[in-house]
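Undergrad: So here's target-v5.cif (mmCIF, C-alpha atoms (C1' of nucleotides)).
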data_final
#
loop_
_atom_site.label_atom_id
_atom_site.label_comp_id
_atom_site.auth_asym_id
_atom_site.auth_seq_id
_atom_site.Cartn_x
_atom_site.Cartn_y
_atom_site.Cartn_z
CA MET A 1 -14.76 -148.01 28.67
CA PRO A 2 -17.53 -145.46 28.28
CA TYR A 3 -19.92 -145.15 31.14
CA ASP A 4 -23.60 -144.52 30.71
CA ALA A 5 -24.61 -140.89 30.70
CA THR A 6 -28.04 -141.44 29.21
CA VAL A 7 -31.42 -141.22 30.78
CA ARG A 8 -33.74 -144.19 30.84
CA LEU A 9 -37.03 -143.97 28.98
CA ASP A 10 -40.36 -144.78 30.56
CA ALA A 11 -42.06 -147.83 29.08
CA THR A 12 -44.68 -145.71 27.31
CA LEU A 13 -41.89 -143.75 25.60
CA ASP A 14 -39.83 -146.71 24.73
CA PRO A 15 -40.10 -147.08 21.02
CA ARG A 16 -38.29 -143.78 20.75
CA ASP A 17 -39.33 -143.50 17.14
CA GLY A 18 -42.98 -143.59 18.15
CA TRP A 19 -42.97 -140.01 19.39
CA SER A 20 -41.49 -136.75 18.39
CA ALA A 21 -39.74 -134.49 20.82
CA GLU A 22 -40.92 -131.52 18.84
CA PRO A 23 -43.00 -129.92 21.60
CA CYS A 24 -39.87 -130.30 23.75
CA SER A 25 -39.33 -127.56 26.27
CA ILE A 26 -35.67 -127.32 25.43
CA ALA A 27 -36.58 -126.41 21.88
CA ALA A 28 -39.21 -124.01 23.20
CA SER A 29 -36.61 -122.30 25.35
CA LEU A 30 -34.20 -122.07 22.46
CA ALA A 31 -36.89 -120.37 20.40
CA VAL A 32 -36.71 -117.52 22.92
CA VAL A 33 -32.98 -117.35 23.56
CA SER A 34 -31.56 -118.91 20.46
CA THR A 35 -28.58 -116.69 19.95
CA ARG A 36 -25.30 -116.07 21.56
CA SER A 37 -26.07 -112.39 21.98
CA ALA A 38 -29.32 -113.12 23.80
CA PHE A 39 -27.45 -115.20 26.36
CA LEU A 40 -24.80 -112.54 26.80
CA ILE A 41 -27.36 -109.78 27.19
CA LEU A 42 -28.99 -111.80 29.92
CA ARG A 43 -25.60 -112.29 31.53
CA GLU A 44 -25.13 -108.55 31.70
CA ALA A 45 -28.65 -108.10 33.01
CA PHE A 46 -27.72 -110.41 35.89
CA TYR A 47 -24.53 -108.42 36.38
CA GLY A 48 -26.70 -105.34 36.79
CA ALA A 49 -26.79 -103.68 33.38
CA THR A 50 -30.02 -101.87 32.60
CA ARG A 51 -29.34 -99.28 29.93
CA PHE A 52 -29.10 -99.72 26.19
CA ASP A 53 -25.56 -98.46 25.90
CA GLU A 54 -24.43 -100.60 28.80
CA PHE A 55 -25.55 -103.69 26.97
CA VAL A 56 -23.89 -102.55 23.78
CA ARG A 57 -20.58 -101.78 25.46
CA ARG A 58 -20.39 -104.68 27.86
CA VAL A 59 -21.56 -107.42 25.60
CA GLY A 60 -19.43 -106.03 22.82
CA ILE A 61 -22.08 -106.16 20.12
CA GLY A 62 -23.33 -103.55 17.68
CA GLU A 63 -26.28 -101.34 18.39
CA PRO A 64 -28.55 -102.98 15.82
CA ALA A 65 -27.94 -106.39 17.32
CA ALA A 66 -28.53 -105.08 20.82
CA ALA A 67 -31.74 -103.34 19.79
CA ALA A 68 -33.05 -106.45 18.05
CA ARG A 69 -32.19 -108.75 20.93
CA LEU A 70 -33.58 -106.42 23.58
CA ARG A 71 -36.80 -106.07 21.62
CA GLU A 72 -37.16 -109.84 21.38
CA LEU A 73 -36.39 -110.37 25.05
CA VAL A 74 -39.00 -107.77 25.99
CA GLN A 75 -41.53 -109.33 23.61
CA HIS A 76 -40.94 -112.73 25.15
CA GLY A 77 -41.30 -111.28 28.62
CA LEU A 78 -37.79 -111.86 29.94
CA LEU A 79 -37.04 -108.17 30.25
CA GLU A 80 -39.35 -105.26 30.75
CA ARG A 81 -38.92 -101.66 29.68
CA GLU A 82 -39.34 -99.18 32.43
CA PRO A 83 -39.16 -95.41 32.09
CA TYR A 84 -36.82 -93.63 34.46
CA ARG A 85 -35.30 -90.21 34.72
CA GLU A 86 -32.11 -88.98 36.23
CA ALA A 87 -31.73 -85.43 37.49
CA GLY A 88 -31.25 -83.05 34.59
CA GLN A 89 -31.96 -85.74 32.06
CA ARG A 90 -35.00 -86.53 30.11
CA THR A 91 -37.01 -89.67 30.62
CA ARG A 92 -35.31 -92.77 29.28
CA GLN A 93 -36.03 -96.47 29.15
CA ARG A 94 -34.25 -99.10 31.09
CA TYR A 95 -34.46 -102.86 30.88
CA ARG A 96 -35.01 -105.00 33.92
CA LEU A 97 -35.29 -108.70 34.40
CA THR A 98 -38.79 -110.01 34.96
CA ALA A 99 -39.46 -113.07 37.09
CA LYS A 100 -39.48 -115.07 33.88
CA GLY A 101 -36.11 -113.71 32.86
CA ALA A 102 -34.64 -114.11 36.32
CA ASP A 103 -35.70 -117.73 36.28
CA LEU A 104 -33.24 -118.42 33.49
CA PHE A 105 -30.39 -117.76 35.87
CA PRO A 106 -29.72 -121.44 36.62
CA ALA A 107 -29.28 -122.10 32.91
CA LEU A 108 -26.74 -119.30 32.64
CA VAL A 109 -24.90 -120.56 35.70
CA ALA A 110 -24.90 -124.09 34.33
CA LEU A 111 -23.25 -122.88 31.14
CA MET A 112 -20.72 -120.83 33.08
CA GLN A 113 -19.92 -123.74 35.31
CA TRP A 114 -19.43 -126.05 32.38
CA GLY A 115 -17.15 -123.52 30.71
CA ASP A 116 -15.16 -123.10 33.91
CA ARG A 117 -14.67 -126.83 34.16
CA TRP A 118 -13.88 -127.73 30.59
CA ARG A 119 -12.43 -124.80 28.70
CA GLU A 120 -8.89 -125.29 27.57
CA ASP A 121 -7.34 -122.11 28.86
CA ALA A 122 -6.99 -121.12 32.47
CA GLY A 123 -10.59 -121.35 33.65
CA GLY A 124 -13.23 -118.78 34.27
CA PRO A 125 -12.33 -115.25 35.29
CA VAL A 126 -15.12 -114.91 37.82
CA ALA A 127 -17.03 -117.13 40.22
CA LEU A 128 -20.25 -116.90 42.16
CA VAL A 129 -20.00 -117.02 45.91
CA HIS A 130 -22.78 -117.27 48.47
CA ASP A 131 -22.72 -113.96 50.28
CA GLY A 132 -23.96 -115.50 53.50
CA CYS A 133 -21.35 -118.20 53.98
CA GLY A 134 -18.62 -117.56 51.45
CA ALA A 135 -18.94 -120.94 49.76
CA PRO A 136 -18.94 -121.13 45.97
CA ALA A 137 -22.33 -121.62 44.36
CA ALA A 138 -23.19 -124.03 41.59
CA VAL A 139 -26.14 -125.72 39.98
CA ARG A 140 -26.78 -129.28 41.03
CA LEU A 141 -29.24 -131.82 39.80
CA ARG A 142 -31.48 -132.97 42.63
CA CYS A 143 -34.82 -134.59 43.06
CA GLU A 144 -37.49 -133.01 45.19
CA ALA A 145 -36.84 -135.50 47.93
CA GLY A 146 -33.36 -134.02 48.21
CA HIS A 147 -31.17 -136.64 46.57
CA ASP A 148 -28.33 -135.57 44.32
CA VAL A 149 -28.86 -137.38 41.04
CA GLU A 150 -26.92 -138.25 37.90
CA PRO A 151 -28.40 -138.71 34.42
CA ALA A 152 -28.28 -142.47 34.88
CA ASP A 153 -30.51 -142.18 37.97
CA LEU A 154 -33.29 -140.57 35.98
CA VAL A 155 -36.26 -141.80 34.02
CA LEU A 156 -37.96 -139.76 31.35
CA THR A 157 -41.73 -139.98 31.71
CA PRO A 158 -44.59 -138.27 29.90
CA THR A 159 -46.39 -135.56 31.81
CA ALA A 160 -50.15 -135.18 31.94
CA ALA A 161 -49.86 -132.56 29.23
CA GLY A 162 -47.49 -134.78 27.30
CA GLU A 163 -49.79 -137.79 27.23
CA SER A 164 -52.14 -136.24 24.74
CA LEU A 165 -49.48 -134.45 22.73
CA LEU A 166 -47.46 -137.58 22.32
CA ARG A 167 -50.44 -139.75 21.51
CA SER A 168 -51.74 -137.44 18.82
CA ARG A 169 -48.28 -137.30 17.26
CA SER A 170 -47.77 -141.01 17.11
CA GLU A 171 -50.85 -141.37 14.94
CA HIS A 172 -49.16 -139.68 11.99
CA PRO A 173 -45.52 -140.55 12.43
CA THR A 174 -42.32 -138.97 11.10
CA GLY A 175 -41.81 -136.14 13.48
CA GLY A 176 -41.55 -132.91 11.64
CA GLY A 177 -38.99 -130.57 13.10
CA ARG A 178 -38.91 -126.90 12.74
CA MET B 3 -42.94 -103.75 41.76
CA PRO B 4 -39.70 -105.18 40.41
CA TYR B 5 -37.59 -107.17 42.82
CA ASP B 6 -33.87 -107.52 42.52
CA ALA B 7 -32.70 -110.45 40.49
CA THR B 8 -29.16 -109.23 39.99
CA VAL B 9 -25.96 -110.47 41.47
CA ARG B 10 -23.77 -108.21 43.57
CA LEU B 11 -20.29 -107.39 42.32
CA ASP B 12 -17.21 -107.83 44.43
CA ALA B 13 -15.48 -104.55 45.31
CA THR B 14 -12.62 -105.24 42.91
CA LEU B 15 -15.11 -105.70 40.07
CA ASP B 16 -17.21 -102.74 40.95
CA PRO B 17 -16.55 -100.19 38.29
CA ARG B 18 -18.18 -102.57 35.87
CA ASP B 19 -16.76 -100.64 32.95
CA GLY B 20 -13.24 -101.32 34.26
CA TRP B 21 -13.24 -104.91 33.09
CA SER B 22 -14.43 -106.87 30.17
CA ALA B 23 -16.37 -110.09 30.49
CA GLU B 24 -14.80 -111.25 27.27
CA PRO B 25 -13.04 -114.31 28.68
CA CYS B 26 -16.39 -115.24 30.26
CA SER B 27 -17.08 -118.93 30.50
CA ILE B 28 -20.64 -118.48 29.32
CA ALA B 29 -19.32 -117.10 26.05
CA ALA B 30 -16.74 -119.90 25.94
CA SER B 31 -19.49 -122.47 26.32
CA LEU B 32 -21.58 -120.84 23.63
CA ALA B 33 -18.62 -121.06 21.28
CA VAL B 34 -18.98 -124.83 21.53
CA VAL B 35 -22.76 -125.22 21.52
CA SER B 36 -23.92 -122.05 19.87
CA THR B 37 -26.71 -123.42 17.80
CA ARG B 38 -30.14 -124.77 18.32
CA SER B 39 -29.28 -127.98 16.54
CA ALA B 40 -26.26 -128.60 18.76
CA PHE B 41 -28.47 -128.42 21.83
CA LEU B 42 -31.05 -130.70 20.30
CA ILE B 43 -28.47 -133.24 19.22
CA LEU B 44 -27.21 -133.33 22.77
CA ARG B 45 -30.76 -133.76 23.99
CA GLU B 46 -31.12 -136.84 21.82
CA ALA B 47 -27.75 -138.13 22.97
CA PHE B 48 -29.08 -137.99 26.53
CA TYR B 49 -32.23 -139.74 25.39
CA GLY B 50 -30.00 -142.50 24.11
CA ALA B 51 -29.50 -141.80 20.40
CA THR B 52 -26.15 -142.90 19.05
CA ARG B 53 -26.49 -143.34 15.30
CA PHE B 54 -26.35 -140.73 12.57
CA ASP B 55 -29.79 -141.41 11.22
CA GLU B 56 -31.29 -141.41 14.70
CA PHE B 57 -30.07 -137.88 15.21
CA VAL B 58 -31.35 -136.80 11.83
CA ARG B 59 -34.78 -138.30 12.37
CA ARG B 60 -35.33 -137.42 15.98
CA VAL B 61 -34.00 -133.91 15.94
CA GLY B 62 -35.77 -133.26 12.67
CA ILE B 63 -32.85 -131.66 10.89
CA GLY B 64 -31.27 -132.34 7.54
CA GLU B 65 -28.37 -134.67 7.09
CA PRO B 66 -25.83 -131.94 6.27
CA ALA B 67 -26.74 -130.05 9.43
CA ALA B 68 -26.50 -133.21 11.49
CA ALA B 69 -23.14 -134.13 9.99
CA ALA B 70 -21.74 -130.64 10.61
CA ARG B 71 -22.97 -130.50 14.19
CA LEU B 72 -21.81 -134.02 15.02
CA ARG B 73 -18.39 -133.24 13.59
CA GLU B 74 -18.12 -130.10 15.70
CA LEU B 75 -19.28 -131.84 18.84
CA VAL B 76 -16.71 -134.59 18.29
CA GLN B 77 -13.99 -132.00 17.63
CA HIS B 78 -14.86 -130.20 20.82
CA GLY B 79 -14.81 -133.43 22.74
CA LEU B 80 -18.47 -133.65 23.76
CA LEU B 81 -19.14 -136.76 21.71
CA GLU B 82 -16.81 -139.47 20.56
CA ARG B 83 -17.02 -141.67 17.51
CA GLU B 84 -16.81 -145.31 18.18
CA PRO B 85 -16.85 -148.10 15.63
CA TYR B 86 -19.36 -150.87 16.20
CA ARG B 87 -20.81 -153.69 14.21
CA GLU B 88 -24.12 -155.46 14.38
CA ALA B 89 -24.55 -159.03 13.24
CA GLY B 90 -24.70 -159.22 9.49
CA GLN B 91 -23.82 -155.56 9.13
CA ARG B 92 -20.60 -153.86 8.32
CA THR B 93 -18.69 -151.73 10.80
CA ARG B 94 -20.32 -148.37 11.46
CA GLN B 95 -19.68 -145.38 13.64
CA ARG B 96 -21.72 -144.38 16.61
CA TYR B 97 -21.60 -141.27 18.74
CA ARG B 98 -21.43 -141.41 22.49
CA LEU B 99 -21.32 -138.75 25.12
CA THR B 100 -17.94 -138.18 26.72
CA ALA B 101 -17.62 -137.03 30.33
CA LYS B 102 -17.32 -133.50 29.00
CA GLY B 103 -20.51 -133.83 27.01
CA ALA B 104 -22.34 -135.55 29.84
CA ASP B 105 -21.42 -132.69 32.11
CA LEU B 106 -23.59 -130.37 30.04
CA PHE B 107 -26.66 -132.22 31.23
CA PRO B 108 -27.52 -129.70 33.96
CA ALA B 109 -27.59 -126.91 31.38
CA LEU B 110 -29.99 -128.90 29.22
CA VAL B 111 -32.18 -129.67 32.20
CA ALA B 112 -32.16 -126.02 33.24
CA LEU B 113 -33.43 -125.03 29.79
CA MET B 114 -36.05 -127.75 29.83
CA GLN B 115 -37.20 -126.74 33.27
CA TRP B 116 -37.45 -123.10 32.28
CA GLY B 117 -39.44 -124.04 29.21
CA ASP B 118 -41.75 -126.24 31.27
CA ARG B 119 -42.40 -123.40 33.65
CA TRP B 120 -42.84 -120.49 31.28
CA ARG B 121 -43.94 -121.65 27.88
CA GLU B 122 -47.34 -120.43 26.87
CA ASP B 123 -48.93 -123.67 25.79
CA ALA B 124 -49.65 -126.61 28.00
CA GLY B 125 -46.24 -127.27 29.46
CA GLY B 126 -43.57 -129.80 28.71
CA PRO B 127 -44.44 -133.19 27.29
CA VAL B 128 -41.93 -135.08 29.39
CA ALA B 129 -40.37 -134.84 32.83
CA LEU B 130 -37.38 -136.32 34.58
CA VAL B 131 -38.04 -138.45 37.60
CA HIS B 132 -35.58 -139.90 40.06
CA ASP B 133 -35.72 -143.62 39.52
CA GLY B 134 -34.89 -144.36 43.13
CA CYS B 135 -37.62 -142.42 44.85
CA GLY B 136 -40.04 -141.29 42.15
CA ALA B 137 -39.65 -137.59 42.89
CA PRO B 138 -39.25 -135.16 39.98
CA ALA B 139 -35.71 -133.94 39.39
CA ALA B 140 -34.63 -130.36 38.75
CA VAL B 141 -31.58 -128.18 38.82
CA ARG B 142 -31.18 -126.00 41.86
CA LEU B 143 -28.70 -123.32 42.69
CA ARG B 144 -26.84 -124.18 45.87
CA CYS B 145 -23.64 -123.27 47.56
CA GLU B 146 -21.17 -125.91 48.58
CA ALA B 147 -22.22 -125.55 52.19
CA GLY B 148 -25.63 -126.77 51.11
CA HIS B 149 -27.74 -123.61 51.16
CA ASP B 150 -30.26 -123.01 48.43
CA VAL B 151 -29.45 -119.62 46.97
CA GLU B 152 -31.07 -116.97 44.82
CA PRO B 153 -29.25 -114.56 42.50
CA ALA B 154 -29.55 -111.82 45.11
CA ASP B 155 -27.68 -113.99 47.63
CA LEU B 156 -24.64 -114.19 45.39
CA VAL B 157 -21.52 -112.12 44.90
CA LEU B 158 -19.46 -112.22 41.75
CA THR B 159 -15.75 -112.39 42.58
CA PRO B 160 -12.65 -112.77 40.44
CA THR B 161 -10.97 -116.16 40.54
CA ALA B 162 -7.23 -116.67 40.83
CA ALA B 163 -7.14 -117.12 37.07
CA GLY B 164 -9.34 -114.08 36.64
CA GLU B 165 -7.19 -111.73 38.70
CA SER B 166 -4.50 -111.53 36.06
CA LEU B 167 -6.88 -111.61 33.10
CA LEU B 168 -8.95 -108.81 34.50
CA ARG B 169 -6.00 -106.73 35.62
CA SER B 170 -4.29 -106.86 32.26
CA ARG B 171 -7.52 -105.75 30.65
CA SER B 172 -8.09 -102.78 32.92
CA GLU B 173 -4.69 -101.31 32.05
CA HIS B 174 -5.82 -100.37 28.58
CA PRO B 175 -9.46 -99.67 29.14
CA THR B 176 -11.68 -100.13 26.16
CA GLY B 177 -14.12 -97.33 25.74
CA GLY B 178 -14.37 -96.43 29.38
CA GLY B 179 -15.45 -92.82 29.40
CA ARG B 180 -16.11 -92.35 25.72
"C1'" DG C 28 -21.23 -159.07 -10.26
"C1'" DT C 29 -25.87 -156.19 -8.79
"C1'" DG C 30 -28.65 -154.35 -5.37
"C1'" DC C 31 -29.40 -152.39 -0.97
"C1'" DT C 32 -28.56 -149.65 3.14
"C1'" DG C 33 -26.49 -146.59 6.48
"C1'" DA C 34 -23.58 -142.85 6.64
"C1'" DC C 35 -22.28 -139.51 4.94
"C1'" DT C 36 -20.67 -135.22 1.18
"C1'" DA C 37 -21.68 -131.64 -2.48
"C1'" DA C 38 -24.24 -128.03 -4.44
"C1'" DC C 39 -27.60 -124.48 -4.10
"C1'" DG C 40 -30.66 -121.17 -2.23
"C1'" DT C 41 -32.79 -118.92 1.82
"C1'" DC C 42 -33.08 -116.71 6.01
"C1'" DA C 43 -30.96 -115.12 10.30
"C1'" DT C 44 -27.20 -112.93 12.54
"C1'" DC C 45 -24.08 -109.51 13.01
"C1'" DC C 46 -20.84 -105.50 12.06
"C1'" DG C 47 -20.01 -100.78 10.63
"C1'" DA C 48 -21.48 -96.47 9.31
"C1'" DA C 49 -24.87 -93.18 9.03
"C1'" DG C 50 -29.28 -91.20 10.02
"C1'" DT C 51 -33.32 -90.07 13.21
"C1'" DC C 52 -35.58 -88.35 17.21
"C1'" DA C 53 -36.63 -86.37 21.77
"C1'" DG C 54 -35.71 -83.41 25.15
"C1'" DG C 55 -32.57 -81.17 28.21
"C1'" DT C 56 -28.55 -77.56 28.31
"C1'" DA C 57 -26.09 -73.24 26.81
"C1'" DT D 2 -32.20 -71.04 19.01
"C1'" DA D 3 -28.56 -74.36 18.28
"C1'" DC D 4 -26.28 -78.09 20.17
"C1'" DC D 5 -25.65 -82.42 22.55
"C1'" DT D 6 -26.59 -87.08 24.03
"C1'" DG D 7 -28.72 -91.48 24.70
"C1'" DA D 8 -31.49 -94.51 22.31
"C1'" DC D 9 -32.50 -96.10 18.81
"C1'" DT D 10 -33.42 -97.27 13.16
"C1'" DT D 11 -31.87 -97.91 8.39
"C1'" DC D 12 -28.81 -99.58 4.93
"C1'" DG D 13 -25.19 -102.50 2.87
"C1'" DG D 14 -22.66 -106.42 3.09
"C1'" DA D 15 -20.43 -110.67 5.17
"C1'" DT D 16 -20.89 -114.95 7.41
"C1'" DG D 17 -23.17 -118.88 9.04
"C1'" DA D 18 -27.15 -122.04 9.82
"C1'" DC D 19 -30.38 -124.71 7.52
"C1'" DG D 20 -33.51 -127.28 4.12
"C1'" DT D 21 -33.78 -129.83 -0.17
"C1'" DT D 22 -32.08 -132.61 -3.58
"C1'" DA D 23 -28.72 -135.40 -5.37
"C1'" DG D 24 -24.98 -137.76 -5.24
"C1'" DT D 25 -20.86 -141.06 -3.10
"C1'" DC D 26 -18.92 -144.95 -0.77
"C1'" DA D 27 -18.42 -149.32 1.80
"C1'" DG D 28 -19.57 -153.77 2.45
"C1'" DC D 29 -23.17 -157.53 3.27
"C1'" DA D 30 -26.89 -160.31 0.75
"C1'" DC D 31 -27.90 -162.45 -3.31
#
Have the structure of the file written as structure tokens, please.

TA:
Amino acid sequence: MPYDATVRLDATLDPRDGWSAEPCSIAASLAVVSTRSAFLILREAFYGATRFDEFVRRVGIGEPAAAARLRELVQHGLLEREPYREAGQRTRQRYRLTAKGADLFPALVALMQWGDRWREDAGGPVALVHDGCGAPAAVRLRCEAGHDVEPADLVLTPTAAGESLLRSRSEHPTGGGR
Amino acid sequence: MPYDATVRLDATLDPRDGWSAEPCSIAASLAVVSTRSAFLILREAFYGATRFDEFVRRVGIGEPAAAARLRELVQHGLLEREPYREAGQRTRQRYRLTAKGADLFPALVALMQWGDRWREDAGGPVALVHDGCGAPAAVRLRCEAGHDVEPADLVLTPTAAGESLLRSRSEHPTGGGR
DNA sequence: GTGCTGACTAACGTCATCCGAAGTCAGGTA
DNA sequence: TACCTGACTTCGGATGACGTTAGTCAGCAC
């Protein structure tokens, strides 16, 4: 007997065919980090990689792919290039996470956590532990009042920004897509 | 002035070039939902879509893409096909989230949340609200002892499963010194 | 039977992604 | 000056993700 894992829709959203999810923030995020290599480059950035050849070696991708992905991530403001120089070396560039890039960390952790839980082989090779207390860390879904919530406890409602977007869309139906 | 958004590495992981992140659970997860359309199909599943043409219409993708993605998601156990029949209609298939698929919800929410926060235009059209108390819901990074944590509060450590994986890798180092 | 509809599959072309190999470029070292 | 190295770029080619258009197939309504 399947349980309900879906979210409820607010009354104003209810005829689901009346609005398009095209300006959806999930899609917007995927426009920035659409590819596997972008995710893995961010993973290595969180693990402390900063230099071009570190990304190439540790992610296990080719230099052209790394260059393309790094350029995109810089353009989108997730990483920033910063000149640096080691003793006896010329000035080079390194890549560091911006606040915007760092803020994607929960998404990465959520993917890691899901992989740990559901992959068929042994489980994940590494885990994140809170340095202060030694307890494992994870992402949890909570409301701002502090309750742990499940999908079924949630309602999807339009935001102030969404009100106008959604209304203007429903006037000429058949949501477009890409 | 850049702050530190990186995670610390456990002593046994410290020469970062000594181990490969290849069996990484992030990469394992991306092997299952690598594409934009897979994410968006899951989004619609959480919004309550179950039928083939709902996914096609609401995600805004072509039928072949929808069929391919749905087949993969069923193969990987995130969705399951279930026959159903409406009055005066013949038996059809519908797609429902399994526990494994439902467990990806935090990752979707994390992406949505990041998009809401950082996208350049207005912000997200919709938000998730806790039905019980009316407060907005979000994913947060916490340890099991209940502390909210930031990347800089975390240490990456090998798991029991990882110990052997990582050790066997470090015996024949791949491109260590070059 | 014929038509209709929802759920697909097949064929085709395009664009993105990625690898490998090779080339470029800047600036420090010998 | 010639060489070396890290950080790229360029080129060729394979694979995969999609869109569009055009079918197929099952079964209810007529």

Undergrad: Taking the file as shown, what set of residues would the PyMOL selection byres ((chain C) within 8 of (chain A)) give back, as a tab-separated table (two decimals) with C-alpha atoms (C1' of nucleotides), in the coordinates of the input?

TA:
chain	number	residue	atom	x	y	z
C	45	DC	C1'	-24.08	-109.51	13.01
C	46	DC	C1'	-20.84	-105.50	12.06
C	54	DG	C1'	-35.71	-83.41	25.15
C	55	DG	C1'	-32.57	-81.17	28.21

Undergrad: What are the residues of chain D lining chain A at 9 Å or less? Count all atoms listed in the file, and put the answer as a ChimeraX atom specification.

TA: /D:7-10

Undergrad: Could you superimpose chain B onto chain A using every C-alpha atom, matched in order, and tell me the RMSD in Å?

TA: 2.2 Å

Undergrad: Carefully work through the PyMOL selection byres ((chain D and resi 23-29) around 10) for this structure and note down the residues it includes, as a list in words.

TA: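 Matching residues under the PyMOL selection byres ((chain D and resi 23-29) around 10) are Gly90, Gln91, Arg92, Thr93 and Arg94 of chain B; DC31, DT32, DG33, DA34, DC35, DT36, DA37 and DA38 of chain C; DT21, DT22, DA30 and DC31 of chain D.
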
Undergrad: Go through B:Arg144, B:Arg71, B:Arg18, B:Arg45 one by one, measure the shortest atom-to-atom distance of each to Ala104 in chain B using only C-alpha atoms, and give the residue with the smallest value.

TA: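 Selected residue with least distance to Ala104 in chain B: B:Arg45.
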
Undergrad: To one decimal in Å, tell me the separation between CA of Glu44 in chain A and CA of Asp105 in chain B.

TA: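 Answer for the CA of Glu44 in chain A to CA of Asp105 in chain B separation: 24.4 Å.
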
Undergrad: Report, in Å to a single decimal, how far apart CA of Gly18 in chain A and CA of Ala47 in chain B are.

TA: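 Taking CA of Ala47 in chain B and CA of Gly18 in chain A, their separation equals 16.9 Å.
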
Undergrad: With distances taken over only C-alpha atoms, which residue among A:Gly48, A:Gly77, A:Pro83, A:Gly146 lies nearest chain B?

TA: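 Of A:Gly48, A:Gly77, A:Pro83, A:Gly146, the one nearest chain B is A:Gly48, counting only C-alpha atoms.
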
Undergrad: Enter the distance from CA of Ala38 in chain A to CA of Leu32 in chain B, in Å, rounded to one decimal.

TA: 10.9 Å

Undergrad: Under the PyMOL selection byres ((chain C and resi 41) around 9), which residues of this model are included? Write them out as a list of chain:residue names.

TA: C:DG40, C:DC42, D:DC19, D:DG20

Undergrad: Which is closer to Tyr47 in chain A than all the others in A:Arg96, A:Thr12, A:Glu150, A:Arg117, using all atoms listed in the file?

TA: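 Using all atoms listed in the file, Tyr47 in chain A sits closest to A:Arg96.
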
Undergrad: Within 10 Å of DG50 in chain C, counting only C-alpha atoms (C1' of nucleotides), which residues show up once you throw out same-chain ones fewer than 2 positions away? Write them as a PyMOL selection string, please.

TA: (chain C and resi 48+52) or (chain D and resi 10-12)

Undergrad: Which is closest to chain A among B:Ala23, B:Leu44, B:Leu72, B:Ala13, if we use only C-alpha atoms?

TA: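 Closest to chain A, using only C-alpha atoms: B:Ala23.
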